[in-house]
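Have a look at protein-v2.tsv below; it lists TSV, C-alpha atoms.
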```tsv
chain	number	residue	atom	x	y	z
A	1	MET	CA	122.74	79.08	105.47
A	2	SER	CA	125.72	81.31	104.79
A	3	SER	CA	125.37	84.72	103.18
A	4	VAL	CA	127.24	83.59	100.09
A	5	ALA	CA	125.00	80.52	99.69
A	6	THR	CA	121.87	82.62	100.24
A	7	ILE	CA	122.99	85.25	97.75
A	8	SER	CA	123.92	82.51	95.31
A	9	SER	CA	120.40	81.06	95.59
A	10	PHE	CA	118.96	84.55	95.14
A	11	SER	CA	120.98	85.14	91.98
A	12	GLN	CA	119.99	81.74	90.54
A	13	ALA	CA	116.31	82.35	91.28
A	14	PHE	CA	116.43	85.56	89.26
A	15	GLY	CA	118.55	84.11	86.48
A	16	LEU	CA	121.64	86.14	87.34
A	17	ALA	CA	125.03	84.73	86.57
A	18	TRP	CA	126.82	83.94	89.83
A	19	THR	CA	130.28	83.83	88.24
A	20	GLY	CA	132.11	86.89	89.46
A	21	MET	CA	129.07	88.29	91.29
A	22	HIS	CA	130.53	87.45	94.70
A	23	ASN	CA	133.14	90.15	94.05
A	24	ASN	CA	130.59	92.75	92.96
A	25	ASN	CA	129.87	94.95	96.02
A	26	PHE	CA	126.92	96.64	94.31
A	27	PHE	CA	125.22	93.29	93.74
A	28	LEU	CA	125.98	92.14	97.29
A	29	ASP	CA	124.52	95.32	98.80
A	30	ILE	CA	121.32	94.99	96.81
A	31	ALA	CA	121.00	91.28	97.60
A	32	LYS	CA	121.52	91.90	101.33
A	33	ARG	CA	118.83	94.61	101.36
A	34	ILE	CA	116.34	92.40	99.55
A	35	LEU	CA	117.04	89.45	101.80
A	36	ARG	CA	116.73	91.60	104.92
A	37	ILE	CA	113.33	92.87	103.78
A	38	ASP	CA	112.03	89.44	102.81
A	39	HIS	CA	113.35	87.69	105.92
A	40	PRO	CA	112.57	89.54	109.16
A	41	ALA	CA	114.69	88.90	112.22
A	42	SER	CA	113.51	86.28	114.72
A	43	ARG	CA	113.13	89.02	117.34
A	44	ASP	CA	110.76	90.93	115.04
A	45	LEU	CA	108.71	87.80	114.40
A	46	ARG	CA	108.43	87.04	118.13
A	47	THR	CA	107.34	90.63	118.81
A	48	MET	CA	104.68	90.44	116.07
A	49	ILE	CA	103.37	87.09	117.32
A	50	LYS	CA	103.15	88.44	120.87
A	51	ALA	CA	101.21	91.50	119.66
A	52	LEU	CA	98.82	89.36	117.61
A	53	ASN	CA	98.22	86.96	120.52
A	54	SER	CA	97.44	89.94	122.73
A	55	SER	CA	94.97	91.29	120.16
A	56	ILE	CA	93.27	87.91	119.93
A	57	GLU	CA	92.92	87.72	123.71
A	58	ASP	CA	91.39	91.24	123.73
A	59	VAL	CA	88.71	90.04	121.27
A	60	LYS	CA	87.79	87.05	123.44
A	61	ASP	CA	85.50	88.64	126.01
A	62	ALA	CA	83.21	87.00	128.60
A	63	SER	CA	80.40	86.46	126.07
A	64	PHE	CA	82.84	84.69	123.74
A	65	TYR	CA	83.89	82.24	126.46
A	66	THR	CA	80.26	81.70	127.57
A	67	SER	CA	79.25	80.94	123.98
A	68	LYS	CA	82.28	78.68	123.51
A	69	ALA	CA	81.39	76.68	126.63
A	70	GLU	CA	77.84	76.22	125.37
A	71	MET	CA	78.99	75.29	121.84
A	72	ASP	CA	81.44	72.75	123.29
A	73	LYS	CA	78.47	70.83	124.72
A	74	GLY	CA	77.71	69.62	121.20
A	75	GLU	CA	74.17	68.76	120.13
A	76	GLY	CA	72.77	69.50	123.58
A	77	CYS	CA	73.78	73.15	123.48
A	78	TRP	CA	71.33	76.00	123.42
A	79	LEU	CA	72.47	79.38	122.23
A	80	PRO	CA	70.39	82.24	120.83
A	81	ASP	CA	71.01	82.80	117.11
A	82	SER	CA	72.47	86.26	117.78
A	83	ALA	CA	75.00	84.84	120.27
A	84	ARG	CA	75.91	82.02	117.87
A	85	ARG	CA	76.45	84.53	115.03
A	86	ALA	CA	78.55	86.77	117.28
A	87	TYR	CA	80.67	83.79	118.37
A	88	GLU	CA	81.17	82.60	114.79
A	89	ALA	CA	82.01	86.15	113.63
A	90	THR	CA	84.65	86.41	116.34
A	91	LEU	CA	86.16	83.10	115.23
A	92	ARG	CA	86.33	84.36	111.64
A	93	ASP	CA	88.02	87.58	112.78
A	94	ILE	CA	90.62	85.64	114.69
```

Output the structure of this file as structure tokens.
Amino acid sequence: MSSVATISSFSQAFGLAWTGMHNNNFFLDIAKRILRIDHPASRDLRTMIKALNSSIEDVKDASFYTSKAEMDKGEGCWLPDSARRAYEATLRDI
């Protein structure tokens, strides 16, 4: 989407008259700042996703994977209540 189209959508969403606004540098500067804040760059999103994935992997320790393997057995699984609660709490945190 072009900057003009994006800014036009922005102005319509907030009830601003678009007629003549495309020549108003003050309006364009404000709109660009707002759009930059609300729409992070793809690079920033990829960096954040990588950091979150790393954090999730740090939470999944050996006991998590042992509990997961037992839970994956279905009805035939046996897991102490404390281990089951710890596993479920980890899943909620993730």

**Report entry** Shell around A:Thr66 at 12 Å using only C-alpha atoms, local window under 2 positions removed, as a list in words
**Finding:**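 Within the cut-off, the hits are Lys60, Asp61, Ala62, Ser63, Phe64, Lys68, Ala69, Glu70, Met71, Asp72, Lys73, Cys77, Trp78, Leu79, Pro80, Ala83, Arg84, Ala86 and Tyr87 of chain A.
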
Query raised in the report: Just how far from atom CA of A:Ile94 is atom CA of A:Ser82, in Å to one decimal?
Result: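 If I compute the distance from atom CA of A:Ser82 to atom CA of A:Ile94, I get 18.4 Å.
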
Query raised in the report: Between atom CA of A:Ala89 and atom CA of A:Ile56, what is the spacing in Å?
Result: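 The value is 13.0 Å.
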
Could you write out as JSON the box around stretch 43-56 of chain A (axis-aligned, all atoms listed in the file, 3 Å on each side), with centre and edge lengths in Å to one decimal?
```
{"center_x": 103.2, "center_y": 89.2, "center_z": 118.6, "size_x": 25.9, "size_y": 10.5, "size_z": 14.3}
```

Requested in this report: Tell me which of A:Asp93, A:Gly76, A:Asp44, A:Phe27 sits closest to A:Val59, counting only C-alpha atoms.
Outcome: A:Asp93

Report task. Could you please determine the separation between atom CA of A:Ser55 and atom CA of A:Ala41 in Å, to one decimal place? Result ->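 Atom-to-atom, atom CA of A:Ser55 to atom CA of A:Ala41, that is 21.4 Å.
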
With all heavy atoms as the goal, would you fill in the gaps in stretch 71-82 of chain A and present it as a PDB file, in the frame of the given file?
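So the final result, stored in out.pdb, reads:
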```pdb
ATOM      1  N   MET A  71      78.771  75.970 123.124  1.00  0.00           N
ATOM      2  CA  MET A  71      78.990  75.290 121.840  1.00  0.00           C
ATOM      3  C   MET A  71      79.759  73.985 122.048  1.00  0.00           C
ATOM      4  O   MET A  71      79.531  73.011 121.334  1.00  0.00           O
ATOM      5  CB  MET A  71      79.765  76.190 120.878  1.00  0.00           C
ATOM      6  CG  MET A  71      79.053  77.458 120.471  1.00  0.00           C
ATOM      7  SD  MET A  71      77.773  77.207 119.257  1.00  0.00           S
ATOM      8  CE  MET A  71      78.747  76.936 117.803  1.00  0.00           C
ATOM      9  N   ASP A  72      80.645  73.958 123.021  1.00  0.00           N
ATOM     10  CA  ASP A  72      81.440  72.750 123.290  1.00  0.00           C
ATOM     11  C   ASP A  72      80.583  71.594 123.812  1.00  0.00           C
ATOM     12  O   ASP A  72      81.033  70.440 123.806  1.00  0.00           O
ATOM     13  CB  ASP A  72      82.570  73.052 124.279  1.00  0.00           C
ATOM     14  CG  ASP A  72      83.689  73.868 123.643  1.00  0.00           C
ATOM     15  OD1 ASP A  72      83.733  73.974 122.398  1.00  0.00           O
ATOM     16  OD2 ASP A  72      84.518  74.411 124.400  1.00  0.00           O
ATOM     17  N   LYS A  73      79.364  71.889 124.233  1.00  0.00           N
ATOM     18  CA  LYS A  73      78.470  70.830 124.720  1.00  0.00           C
ATOM     19  C   LYS A  73      77.984  69.941 123.575  1.00  0.00           C
ATOM     20  O   LYS A  73      77.469  68.859 123.816  1.00  0.00           O
ATOM     21  CB  LYS A  73      77.264  71.435 125.442  1.00  0.00           C
ATOM     22  CG  LYS A  73      77.613  72.076 126.762  1.00  0.00           C
ATOM     23  CD  LYS A  73      76.368  72.650 127.411  1.00  0.00           C
ATOM     24  CE  LYS A  73      76.704  73.344 128.720  1.00  0.00           C
ATOM     25  NZ  LYS A  73      75.510  73.972 129.306  1.00  0.00           N
ATOM     26  N   GLY A  74      78.129  70.422 122.352  1.00  0.00           N
ATOM     27  CA  GLY A  74      77.710  69.620 121.200  1.00  0.00           C
ATOM     28  C   GLY A  74      76.242  69.803 120.892  1.00  0.00           C
ATOM     29  O   GLY A  74      75.701  70.901 120.973  1.00  0.00           O
ATOM     30  N   GLU A  75      75.565  68.696 120.556  1.00  0.00           N
ATOM     31  CA  GLU A  75      74.170  68.760 120.130  1.00  0.00           C
ATOM     32  C   GLU A  75      73.231  69.253 121.234  1.00  0.00           C
ATOM     33  O   GLU A  75      72.165  69.770 120.954  1.00  0.00           O
ATOM     34  CB  GLU A  75      73.705  67.388 119.642  1.00  0.00           C
ATOM     35  CG  GLU A  75      74.336  66.995 118.318  1.00  0.00           C
ATOM     36  CD  GLU A  75      73.774  65.692 117.795  1.00  0.00           C
ATOM     37  OE1 GLU A  75      72.597  65.381 118.057  1.00  0.00           O
ATOM     38  OE2 GLU A  75      74.526  64.988 117.121  1.00  0.00           O
ATOM     39  N   GLY A  76      73.618  69.088 122.476  1.00  0.00           N
ATOM     40  CA  GLY A  76      72.770  69.500 123.580  1.00  0.00           C
ATOM     41  C   GLY A  76      72.876  70.974 123.923  1.00  0.00           C
ATOM     42  O   GLY A  76      72.277  71.441 124.890  1.00  0.00           O
ATOM     43  N   CYS A  77      73.594  71.737 123.137  1.00  0.00           N
ATOM     44  CA  CYS A  77      73.780  73.150 123.480  1.00  0.00           C
ATOM     45  C   CYS A  77      72.578  73.978 123.067  1.00  0.00           C
ATOM     46  O   CYS A  77      71.847  73.638 122.147  1.00  0.00           O
ATOM     47  CB  CYS A  77      75.053  73.702 122.835  1.00  0.00           C
ATOM     48  SG  CYS A  77      74.898  74.168 121.110  1.00  0.00           S
ATOM     49  N   TRP A  78      72.364  75.039 123.802  1.00  0.00           N
ATOM     50  CA  TRP A  78      71.330  76.000 123.420  1.00  0.00           C
ATOM     51  C   TRP A  78      71.961  77.368 123.475  1.00  0.00           C
ATOM     52  O   TRP A  78      72.517  77.794 124.491  1.00  0.00           O
ATOM     53  CB  TRP A  78      70.134  75.963 124.366  1.00  0.00           C
ATOM     54  CG  TRP A  78      69.085  76.907 123.874  1.00  0.00           C
ATOM     55  CD1 TRP A  78      68.119  76.620 122.969  1.00  0.00           C
ATOM     56  CD2 TRP A  78      68.942  78.281 124.217  1.00  0.00           C
ATOM     57  NE1 TRP A  78      67.367  77.738 122.709  1.00  0.00           N
ATOM     58  CE2 TRP A  78      67.854  78.782 123.474  1.00  0.00           C
ATOM     59  CE3 TRP A  78      69.615  79.150 125.061  1.00  0.00           C
ATOM     60  CZ2 TRP A  78      67.421  80.088 123.551  1.00  0.00           C
ATOM     61  CZ3 TRP A  78      69.195  80.456 125.140  1.00  0.00           C
ATOM     62  CH2 TRP A  78      68.104  80.922 124.393  1.00  0.00           C
ATOM     63  N   LEU A  79      71.877  78.054 122.349  1.00  0.00           N
ATOM     64  CA  LEU A  79      72.470  79.380 122.230  1.00  0.00           C
ATOM     65  C   LEU A  79      71.568  80.195 121.310  1.00  0.00           C
ATOM     66  O   LEU A  79      71.180  79.717 120.241  1.00  0.00           O
ATOM     67  CB  LEU A  79      73.865  79.237 121.615  1.00  0.00           C
ATOM     68  CG  LEU A  79      74.904  80.296 121.874  1.00  0.00           C
ATOM     69  CD1 LEU A  79      75.187  80.466 123.366  1.00  0.00           C
ATOM     70  CD2 LEU A  79      76.207  79.928 121.184  1.00  0.00           C
ATOM     71  N   PRO A  80      71.196  81.398 121.724  1.00  0.00           N
ATOM     72  CA  PRO A  80      70.390  82.240 120.830  1.00  0.00           C
ATOM     73  C   PRO A  80      71.136  82.462 119.504  1.00  0.00           C
ATOM     74  O   PRO A  80      72.371  82.477 119.471  1.00  0.00           O
ATOM     75  CB  PRO A  80      70.244  83.559 121.584  1.00  0.00           C
ATOM     76  CG  PRO A  80      70.581  83.258 122.999  1.00  0.00           C
ATOM     77  CD  PRO A  80      71.501  82.076 122.980  1.00  0.00           C
ATOM     78  N   ASP A  81      70.390  82.624 118.429  1.00  0.00           N
ATOM     79  CA  ASP A  81      71.010  82.800 117.110  1.00  0.00           C
ATOM     80  C   ASP A  81      71.961  83.991 117.088  1.00  0.00           C
ATOM     81  O   ASP A  81      73.027  83.927 116.472  1.00  0.00           O
ATOM     82  CB  ASP A  81      69.933  82.990 116.029  1.00  0.00           C
ATOM     83  CG  ASP A  81      69.218  81.685 115.713  1.00  0.00           C
ATOM     84  OD1 ASP A  81      69.784  80.606 116.002  1.00  0.00           O
ATOM     85  OD2 ASP A  81      68.104  81.755 115.174  1.00  0.00           O
ATOM     86  N   SER A  82      71.608  85.064 117.777  1.00  0.00           N
ATOM     87  CA  SER A  82      72.470  86.260 117.780  1.00  0.00           C
ATOM     88  C   SER A  82      73.806  85.958 118.472  1.00  0.00           C
ATOM     89  O   SER A  82      74.862  86.398 118.006  1.00  0.00           O
ATOM     90  CB  SER A  82      71.775  87.433 118.466  1.00  0.00           C
ATOM     91  OG  SER A  82      71.455  87.100 119.814  1.00  0.00           O
TER      92      SER A  82
END
```
